[in-house]
Amino acid sequence: MINMHHQEPNRNRQESKYFWEELYPLISAAGFNGIEIPFDPFWIFRGGSGVPFTKYCVDIKYNNVDRYLEFLKDKGIDKVAGIHFSPQMFMRNEDLNFYFGASGHFGGEAIKFASELGCNYINITPTAPYGLISHYHGKIKDINWEKDFIERTIAMLNKFAETAAEHNLKLVLKNEYWGLFRGNKISEYISELDDSIQLNIDTAHLSISGVSSVEFLKTHSSKIGSITLTDTTFVDEDDIWTTPNPEYPETKATQVFRDLGFGNLELNSFSKALENTNYEGWVICSCRQTRDPMRALLRSRSFINTNLSIA
Amino acid sequence: MNHWKNIPYKRIDNFREFYYEDKTNSAYYTDWDRILRYQKALGFNGIELAPWDFPELLPLFGSAKAFSEFAAERGIVVSGMFHLIDKSHDSSHHQQTIDEGKKAVDLLVEFGGTNLNSAPSNNYFGLGPLNRVQIKDAAKVITEIGRYATDKGVQIGIHNEFFLAINKENHKEYIELTDPRYVHYCMDTAQVALLGEDILEFYDTYHERINNFHLKDTASPKLPDDIRHSQDIEIVDDGTRWFWEPGEGVLDFKGLYKLLKKHQFKGWISLETDQTPDLLASMALSRYYIDKELNPIYK
């Protein structure tokens, strides 16, 4: 809901602790009592410890994770359902050892943070965007880069699975439309992944990848470990998924991820399909490109109350 | 230095359609074309870039040169970029520090800029106070990078900040330990005042070293040690701002401009409005103050 890297034309306000402490009771007031937090080590390096996206930041501002959880509870947030970790920030140069080294290290830190927060799951983006990887590595005429990259990714994910198991956490894979595991592609790799690894359904991402969330749910019903409800009207007609910054289609500016109810996805059909399964986990409402997080909270609640059977 | 958030588009051609998607002002702050046009319209002819711009900016434009050409088409040049001299106090880390500094210089050359404004050390908290050897090492490594920069036509400038390990107690000692042939000074007026210096006295003393400015105001000069030395103090928990637009704080900019005239300063004066909730309003407010109050003194 709070996109620290692009929302609002200034960084500093959202870096202050007060911004978040004003936000928590509003989340609760909008009828949501659980949250998913991104793990973003960017804020370790910039002194922006007001942003509660790492254990380091939480420890500085609240002394320890338990006190942070108490604070959240006092503001009406009963549960940090999960942590999301993406290795995208480490795809910033030609050094793949840096990418996998940093991603492996901070992914492990994210799992430990999730464990301390008492989360149900750690949600991991398997790869940086295809187009961003290509920007740094596709220039080399090495036809095997994608194959090698996926092999190293699978090894990293299986290591994460071990760490998650040690911390009694469920590990789920987020399936972005711009990643190397996009859409149904992920099915090709399931046999190589640790059996404990489950899948996240993100409705907008799957739709943009050309996959029906209802069908994906049916196909992988026993493997679904978390749900992210997102909305969109975007149709990727220009292979935007292959560009370095695919969340911002370069051929035509558009808000890919709309506030819930402002896209055109059949989220009620998905909601009904979900009810017909044994899924008992969290459903996270996400408006990741919203122009106004406070309004998006109320828009989401209004949409859920009016349209969805899972309310 | 640039303080816009990441700008994801080069140029938005479907502006009206994009606006109508959610009818907010986001459409106005999402492409470099418009950001640069705002700057030009308000009379700011250069932009200083920040390291956190590059992970998106470079893939977006393909190269630093391509960005500079795009900016030049709109009448804007890249004046410089910001850099941190990481672990400058630690001589065992200096090879990496120098390599990173050289990379920054090379990138700035690609952008066509000349001022590499560099934080001289990491934060005070967890590191300070530095001992004499550490201060010497910090001065030595920036001088080494400065020598390389000079060869490439770039001027490295010390950009001190009130929360760094090079702080009030060793700031001047550090400057004196650097080689003036290779190391210059970017005077951030608010940061220097927050450190505890009188900005007029400081400029008058070091005018030969000062090759560019970050012009910004503060309402709280001469911060006490316990604030300057505390953890992650740049961003305050309750939203307290250290930095304001020129004329909105308490610094004597008219006095400073008289000294600029006295010393016939020539170089970039960059407006920096970090911590504002509205960058466009701050640019316009500052332009009015500069035109009405400061330019009549020295331009």
# chains A, B, ... in the order shown; residues from 1 in each chain; ligands from 1
call {"tool": "residues_around", "arguments": {"residues": "B:Tyr174", "least_positions_apart": "4", "cutoff": "10 Å", "atoms": "only C-alpha atoms", "output": "list in words"}}
result
Pro120, Arg132, Ile135, Lys136, Asp137, Ala138, Ala139, Lys140, Ile158, Ile166, Asn167, Glu169, Asn170 and Thr178 of chain B
call {"tool": "write_last_selection", "arguments": {"atoms": "C-alpha atoms", "output": "mmCIF file, in the first residue's frame"}}
result
data_model
loop_
_atom_site.group_PDB
_atom_site.id
_atom_site.type_symbol
_atom_site.label_atom_id
_atom_site.label_comp_id
_atom_site.auth_asym_id
_atom_site.auth_seq_id
_atom_site.Cartn_x
_atom_site.Cartn_y
_atom_site.Cartn_z
ATOM 1 C CA PRO B 120 33.411 12.779 4.021
ATOM 2 C CA ARG B 132 43.561 11.672 15.019
ATOM 3 C CA ILE B 135 40.722 11.804 10.690
ATOM 4 C CA LYS B 136 44.039 11.743 8.844
ATOM 5 C CA ASP B 137 43.024 8.563 7.013
ATOM 6 C CA ALA B 138 39.696 10.111 6.033
ATOM 7 C CA ALA B 139 41.506 13.162 4.653
ATOM 8 C CA LYS B 140 44.028 10.974 2.864
ATOM 9 C CA ILE B 158 33.574 17.915 0.776
ATOM 10 C CA ILE B 166 33.525 14.343 10.598
ATOM 11 C CA ASN B 167 31.661 16.763 12.808
ATOM 12 C CA GLU B 169 34.973 19.029 16.684
ATOM 13 C CA ASN B 170 37.105 17.884 13.745
ATOM 14 C CA THR B 178 43.092 17.550 2.700
#
call {"tool": "interface_residues", "arguments": {"of": "chain A", "to": "chain B", "cutoff": "9 Å", "atoms": "only C-alpha atoms", "output": "CSV table (one decimal) with C-alpha atoms, in the first residue's frame"}}
result
chain,number,residue,atom,x,y,z
A,4,MET,CA,8.4,3.9,-0.7
A,5,HIS,CA,10.2,4.2,-4.0
A,6,HIS,CA,7.6,5.9,-6.2
A,7,GLN,CA,4.6,7.2,-4.4
A,8,GLU,CA,4.5,10.9,-3.7
A,9,PRO,CA,7.1,13.2,-5.1
A,10,ASN,CA,9.2,13.2,-2.0
A,11,ARG,CA,10.8,10.6,0.1
A,12,ASN,CA,11.3,12.1,3.5
A,13,ARG,CA,7.8,12.2,5.0
A,15,GLU,CA,10.8,7.9,6.3
A,16,SER,CA,9.6,9.4,9.6
A,17,LYS,CA,8.2,7.2,12.3
A,18,TYR,CA,5.2,9.4,12.7
A,19,PHE,CA,4.0,8.6,9.2
A,46,ARG,CA,20.1,5.3,4.3
A,47,GLY,CA,19.5,6.0,8.0
A,48,GLY,CA,15.8,5.9,7.4
A,49,SER,CA,15.1,3.6,10.4
A,50,GLY,CA,11.6,5.2,10.8
A,60,ILE,CA,16.1,1.1,16.7
A,61,LYS,CA,12.7,2.6,17.0
A,89,MET,CA,17.2,-4.1,-5.5
A,91,MET,CA,20.1,-6.4,-9.6
A,92,ARG,CA,22.1,-3.2,-10.1
A,93,ASN,CA,25.3,-4.2,-11.9
A,132,LEU,CA,16.4,-5.7,-15.6
A,135,HIS,CA,19.8,-5.0,-19.1
A,136,TYR,CA,22.8,-6.0,-17.1
A,244,PRO,CA,13.8,-3.1,-17.2
A,245,ASN,CA,11.0,-1.3,-15.3
A,247,GLU,CA,5.7,-1.8,-13.5
A,248,TYR,CA,5.8,1.4,-15.6
A,249,PRO,CA,5.0,0.4,-19.2
A,250,GLU,CA,7.3,2.5,-21.4
A,251,THR,CA,5.1,2.5,-24.4
A,252,LYS,CA,2.1,4.1,-22.6
A,253,ALA,CA,2.0,5.5,-19.1
A,254,THR,CA,-0.6,3.8,-17.0
A,255,GLN,CA,-1.3,2.8,-13.4
A,258,ARG,CA,-5.4,0.0,-9.6
A,290,THR,CA,-2.3,3.8,-5.2
A,291,ARG,CA,-2.1,7.6,-5.5
A,292,ASP,CA,-3.5,7.9,-2.0
call {"tool": "residues_around", "arguments": {"residues": "A:Glu215", "least_positions_apart": "5", "cutoff": "10 Å", "atoms": "only C-alpha atoms", "output": "list in words"}}
result
His220, Ser221, Phe270 and Ala273 of chain A
call {"tool": "select_by_dssp", "arguments": {"residues": "stretch 159-251 of chain A", "states": "strand (DSSP E or B)", "output": "MDAnalysis selection string"}}
result
chainID A and resid 170:173 198:202 224:229 231:232
call {"tool": "atom_distance", "arguments": {"atom1": "atom CA of A:Pro87", "atom2": "atom CA of A:Thr127"}}
result
6.5 Å
call {"tool": "residues_around", "arguments": {"residues": "stretch 85-102 of chain B", "least_positions_apart": "4", "cutoff": "12 Å", "atoms": "only C-alpha atoms", "output": "tab-separated table (two decimals) with C-alpha atoms, in the first residue's frame"}}
result
chain	number	residue	atom	x	y	z
A	45	PHE	CA	21.77	1.92	4.47
B	51	PRO	CA	23.25	7.65	-6.17
B	81	MET	CA	26.32	14.18	-8.31
B	106	ASP	CA	33.78	8.07	-14.21
B	107	LEU	CA	30.00	8.04	-14.07
B	108	LEU	CA	29.92	11.79	-13.50
B	109	VAL	CA	32.19	12.29	-16.50
B	116	LEU	CA	31.31	15.33	-7.15
B	117	ASN	CA	29.95	16.46	-3.81
B	118	SER	CA	30.97	13.88	-1.26
B	119	ALA	CA	30.02	13.12	2.30
B	120	PRO	CA	33.41	12.78	4.02
B	121	SER	CA	32.53	9.94	6.40
B	122	ASN	CA	29.85	7.64	7.72
B	123	ASN	CA	27.52	8.75	10.50
B	124	TYR	CA	28.83	9.81	13.90
B	127	LEU	CA	31.62	5.48	14.92
B	128	GLY	CA	32.53	8.78	16.53
B	129	PRO	CA	34.45	10.38	18.02
B	130	LEU	CA	37.21	9.73	15.48
B	131	ASN	CA	40.77	9.69	16.68
B	132	ARG	CA	43.56	11.67	15.02
B	133	VAL	CA	44.68	8.74	12.86
B	134	GLN	CA	41.16	8.13	11.60
B	135	ILE	CA	40.72	11.80	10.69
B	136	LYS	CA	44.04	11.74	8.84
B	137	ASP	CA	43.02	8.56	7.01
B	138	ALA	CA	39.70	10.11	6.03
B	139	ALA	CA	41.51	13.16	4.65
B	140	LYS	CA	44.03	10.97	2.86
B	141	VAL	CA	41.46	8.89	1.01
B	142	ILE	CA	39.38	11.84	-0.22
B	143	THR	CA	42.59	13.47	-1.44
B	144	GLU	CA	43.45	10.30	-3.36
B	145	ILE	CA	40.03	10.26	-5.02
B	146	GLY	CA	40.34	13.99	-5.59
B	147	ARG	CA	43.61	13.51	-7.46
B	148	TYR	CA	41.92	11.03	-9.82
B	149	ALA	CA	38.92	13.35	-10.18
B	150	THR	CA	41.11	16.33	-11.06
B	151	ASP	CA	42.78	14.33	-13.82
B	152	LYS	CA	39.30	13.64	-15.24
B	154	VAL	CA	35.98	16.72	-12.02
B	156	ILE	CA	35.50	16.66	-5.64
B	157	GLY	CA	33.86	18.73	-2.92
B	158	ILE	CA	33.57	17.91	0.78
B	159	HIS	CA	29.88	17.96	1.62
B	160	ASN	CA	29.69	17.76	5.37
B	164	LEU	CA	28.54	12.57	10.26
B	165	ALA	CA	31.66	11.38	12.08
B	166	ILE	CA	33.52	14.34	10.60
B	174	TYR	CA	39.82	17.54	8.42
call {"tool": "residues_around", "arguments": {"residues": "B:Asn2", "least_positions_apart": "5", "cutoff": "8 Å", "atoms": "only C-alpha atoms", "output": "VMD selection string"}}
result
chain B and resid 47 to 50 272
call {"tool": "write_last_selection", "arguments": {"atoms": "N, CA and C atoms", "output": "PDB file, in the first residue's frame"}}
result
ATOM      1  N   ILE B  47      21.024  20.160 -12.752  1.00  0.00           N
ATOM      2  CA  ILE B  47      20.501  19.191 -11.781  1.00  0.00           C
ATOM      3  C   ILE B  47      21.672  18.385 -11.237  1.00  0.00           C
ATOM      4  N   GLU B  48      21.675  18.215  -9.916  1.00  0.00           N
ATOM      5  CA  GLU B  48      22.687  17.354  -9.285  1.00  0.00           C
ATOM      6  C   GLU B  48      21.993  16.039  -8.950  1.00  0.00           C
ATOM      7  N   LEU B  49      22.537  14.947  -9.424  1.00  0.00           N
ATOM      8  CA  LEU B  49      21.892  13.642  -9.246  1.00  0.00           C
ATOM      9  C   LEU B  49      22.401  12.950  -7.992  1.00  0.00           C
ATOM     10  N   ALA B  50      21.622  11.977  -7.544  1.00  0.00           N
ATOM     11  CA  ALA B  50      21.972  11.245  -6.317  1.00  0.00           C
ATOM     12  C   ALA B  50      22.159   9.769  -6.641  1.00  0.00           C
ATOM     13  N   GLU B 272      18.610  23.219  -2.709  1.00  0.00           N
ATOM     14  CA  GLU B 272      18.280  21.880  -2.209  1.00  0.00           C
ATOM     15  C   GLU B 272      17.141  21.992  -1.211  1.00  0.00           C
TER      16      GLU B 272
END
call {"tool": "closest_residue", "arguments": {"among": "A:Asp259, A:Glu36, A:Asp59, A:Glu192", "to": "A:Lys79", "atoms": "only C-alpha atoms"}}
result
A:Glu36
call {"tool": "closest_atom_pairs", "arguments": {"of": "stretch 45-132 of chain A", "to": "stretch 147-171 of chain A", "cutoff": "7 Å", "atoms": "only C-alpha atoms", "output": "tab-separated table"}}
result
residue	atom	partner	partner_atom	distance
A:Gly104	CA	A:Met156	CA	6.4
A:Gly108	CA	A:Phe160	CA	6.5
A:Ile111	CA	A:Ala164	CA	6.2
A:Ser115	CA	A:His167	CA	6.0
A:Asn120	CA	A:Leu169	CA	6.1
A:Tyr121	CA	A:Lys170	CA	4.5
A:Ile122	CA	A:Leu171	CA	5.0
A:Asn123	CA	A:Leu171	CA	6.1
A:Pro126	CA	A:Thr153	CA	6.9
call {"tool": "write_last_selection", "arguments": {"atoms": "N, CA and C atoms", "output": "compact mmCIF listing (two decimals), in the first residue's frame"}}
result
# COMPACT_ATOMS: atom_id res chain seq x y z
N GLY A 104 20.73 -13.78 -1.17
CA GLY A 104 20.74 -14.90 -0.23
C GLY A 104 20.85 -14.43 1.20
N GLY A 108 17.61 -14.39 3.84
CA GLY A 108 17.70 -15.09 5.13
C GLY A 108 17.32 -14.18 6.29
N ILE A 111 13.60 -13.82 6.45
CA ILE A 111 12.96 -14.99 7.06
C ILE A 111 13.04 -14.91 8.59
N SER A 115 10.02 -14.56 11.27
CA SER A 115 9.86 -15.50 12.38
C SER A 115 9.68 -14.75 13.70
N ASN A 120 2.91 -15.89 9.61
CA ASN A 120 2.53 -17.21 9.12
C ASN A 120 3.37 -17.63 7.92
N TYR A 121 3.85 -16.61 7.19
CA TYR A 121 4.57 -16.98 5.96
C TYR A 121 5.61 -15.93 5.60
N ILE A 122 6.55 -16.35 4.75
CA ILE A 122 7.48 -15.44 4.09
C ILE A 122 7.18 -15.56 2.60
N ASN A 123 6.91 -14.43 1.98
CA ASN A 123 6.52 -14.38 0.57
C ASN A 123 7.72 -13.89 -0.23
N PRO A 126 10.79 -14.67 -6.65
CA PRO A 126 11.92 -15.54 -7.02
C PRO A 126 13.04 -14.84 -7.77
call {"tool": "residues_around", "arguments": {"residues": "A:Gly131", "least_positions_apart": "5", "cutoff": "10 Å", "atoms": "only C-alpha atoms", "output": "compact mmCIF listing (two decimals) with C-alpha atoms, in the first residue's frame"}}
result
# COMPACT_ATOMS: atom_id res chain seq x y z
CA TYR A 136 22.84 -6.03 -17.14
CA HIS A 137 23.47 -9.54 -18.46
CA GLY A 138 21.62 -9.99 -21.75
CA TRP A 178 7.83 -9.59 -15.03
CA GLY A 179 9.81 -12.44 -13.44
CA LEU A 180 11.43 -15.53 -14.90
CA ILE A 240 6.30 -4.78 -21.34
CA TRP A 241 7.23 -7.63 -19.02
CA THR A 242 10.58 -7.83 -20.83
CA THR A 243 11.53 -4.19 -20.09
CA PRO A 244 13.80 -3.07 -17.21
CA ASN A 245 11.02 -1.32 -15.26
CA PRO A 246 7.90 -3.27 -16.24
CA PRO B 59 18.26 1.34 -17.29
call {"tool": "closest_residue", "arguments": {"among": "A:Ser300, A:Glu188, A:Tyr130, A:Ser222", "to": "A:Asp239", "atoms": "only C-alpha atoms"}}
result
A:Tyr130
call {"tool": "select_by_dssp", "arguments": {"residues": "stretch 197-257 of chain B", "states": "alpha helix (DSSP H)", "output": "list of chain:residue names"}}
result
B:Ile199, B:Leu200, B:Glu201, B:Phe202, B:Tyr203, B:Asp204, B:Thr205, B:Tyr206, B:Asp225, B:Asp226, B:Ile227, B:Arg228, B:Phe253, B:Lys254, B:Gly255, B:Leu256, B:Tyr257
call {"tool": "residues_around", "arguments": {"residues": "A:Phe303", "least_positions_apart": "2", "cutoff": "12 Å", "atoms": "only C-alpha atoms", "output": "list in words"}}
result
Ala30, Leu229, Thr230, Asp231, Asp259, Leu260, Gly261, Phe262, Gly263, Leu267, Asn268, Cys285, Ala296, Leu297, Leu298, Arg299, Ser300, Arg301, Asn305, Thr306, Asn307, Leu308, Ser309, Ile310 and Ala311 of chain A
call {"tool": "atom_distance", "arguments": {"atom1": "atom CA of A:Ile227", "atom2": "atom CA of A:Val283"}}
result
4.8 Å
call {"tool": "atom_distance", "arguments": {"atom1": "atom CA of A:Phe90", "atom2": "atom CA of A:Phe42"}}
result
10.1 Å
call {"tool": "decode", "arguments": {"residues": "stretch 104-165 of chain B", "atoms": "C-alpha atoms", "output": "mmCIF file, in the first residue's frame"}}
result
data_model
loop_
_atom_site.group_PDB
_atom_site.id
_atom_site.type_symbol
_atom_site.label_atom_id
_atom_site.label_comp_id
_atom_site.auth_asym_id
_atom_site.auth_seq_id
_atom_site.Cartn_x
_atom_site.Cartn_y
_atom_site.Cartn_z
ATOM 1 C CA ALA B 104 31.595 7.719 -9.249
ATOM 2 C CA VAL B 105 34.009 10.090 -10.987
ATOM 3 C CA ASP B 106 33.779 8.073 -14.211
ATOM 4 C CA LEU B 107 30.000 8.044 -14.070
ATOM 5 C CA LEU B 108 29.915 11.792 -13.505
ATOM 6 C CA VAL B 109 32.189 12.287 -16.504
ATOM 7 C CA GLU B 110 29.679 10.268 -18.559
ATOM 8 C CA PHE B 111 26.932 12.585 -17.338
ATOM 9 C CA GLY B 112 29.079 15.562 -18.309
ATOM 10 C CA GLY B 113 29.043 16.951 -14.769
ATOM 11 C CA THR B 114 31.890 18.525 -12.846
ATOM 12 C CA ASN B 115 31.040 18.565 -9.131
ATOM 13 C CA LEU B 116 31.312 15.332 -7.151
ATOM 14 C CA ASN B 117 29.950 16.458 -3.811
ATOM 15 C CA SER B 118 30.971 13.883 -1.258
ATOM 16 C CA ALA B 119 30.025 13.123 2.302
ATOM 17 C CA PRO B 120 33.411 12.779 4.021
ATOM 18 C CA SER B 121 32.535 9.944 6.404
ATOM 19 C CA ASN B 122 29.850 7.645 7.716
ATOM 20 C CA ASN B 123 27.519 8.747 10.498
ATOM 21 C CA TYR B 124 28.826 9.809 13.897
ATOM 22 C CA PHE B 125 26.578 7.379 15.773
ATOM 23 C CA GLY B 126 28.323 4.069 16.194
ATOM 24 C CA LEU B 127 31.618 5.475 14.920
ATOM 25 C CA GLY B 128 32.530 8.782 16.527
ATOM 26 C CA PRO B 129 34.454 10.378 18.016
ATOM 27 C CA LEU B 130 37.207 9.731 15.476
ATOM 28 C CA ASN B 131 40.772 9.694 16.676
ATOM 29 C CA ARG B 132 43.561 11.672 15.019
ATOM 30 C CA VAL B 133 44.682 8.738 12.864
ATOM 31 C CA GLN B 134 41.158 8.131 11.600
ATOM 32 C CA ILE B 135 40.722 11.804 10.690
ATOM 33 C CA LYS B 136 44.039 11.743 8.844
ATOM 34 C CA ASP B 137 43.024 8.563 7.013
ATOM 35 C CA ALA B 138 39.696 10.111 6.033
ATOM 36 C CA ALA B 139 41.506 13.162 4.653
ATOM 37 C CA LYS B 140 44.028 10.974 2.864
ATOM 38 C CA VAL B 141 41.463 8.894 1.012
ATOM 39 C CA ILE B 142 39.377 11.836 -0.221
ATOM 40 C CA THR B 143 42.586 13.468 -1.439
ATOM 41 C CA GLU B 144 43.451 10.300 -3.361
ATOM 42 C CA ILE B 145 40.029 10.258 -5.017
ATOM 43 C CA GLY B 146 40.336 13.994 -5.591
ATOM 44 C CA ARG B 147 43.607 13.513 -7.461
ATOM 45 C CA TYR B 148 41.920 11.030 -9.815
ATOM 46 C CA ALA B 149 38.919 13.353 -10.184
ATOM 47 C CA THR B 150 41.105 16.326 -11.058
ATOM 48 C CA ASP B 151 42.775 14.328 -13.823
ATOM 49 C CA LYS B 152 39.304 13.643 -15.236
ATOM 50 C CA GLY B 153 38.165 17.260 -15.080
ATOM 51 C CA VAL B 154 35.985 16.718 -12.018
ATOM 52 C CA GLN B 155 36.188 18.657 -8.757
ATOM 53 C CA ILE B 156 35.499 16.659 -5.640
ATOM 54 C CA GLY B 157 33.860 18.726 -2.916
ATOM 55 C CA ILE B 158 33.574 17.915 0.776
ATOM 56 C CA HIS B 159 29.885 17.963 1.623
ATOM 57 C CA ASN B 160 29.694 17.761 5.375
ATOM 58 C CA GLU B 161 26.507 16.932 7.224
ATOM 59 C CA PHE B 162 25.655 17.606 10.824
ATOM 60 C CA PHE B 163 25.318 13.930 11.767
ATOM 61 C CA LEU B 164 28.538 12.572 10.259
ATOM 62 C CA ALA B 165 31.662 11.382 12.078
#
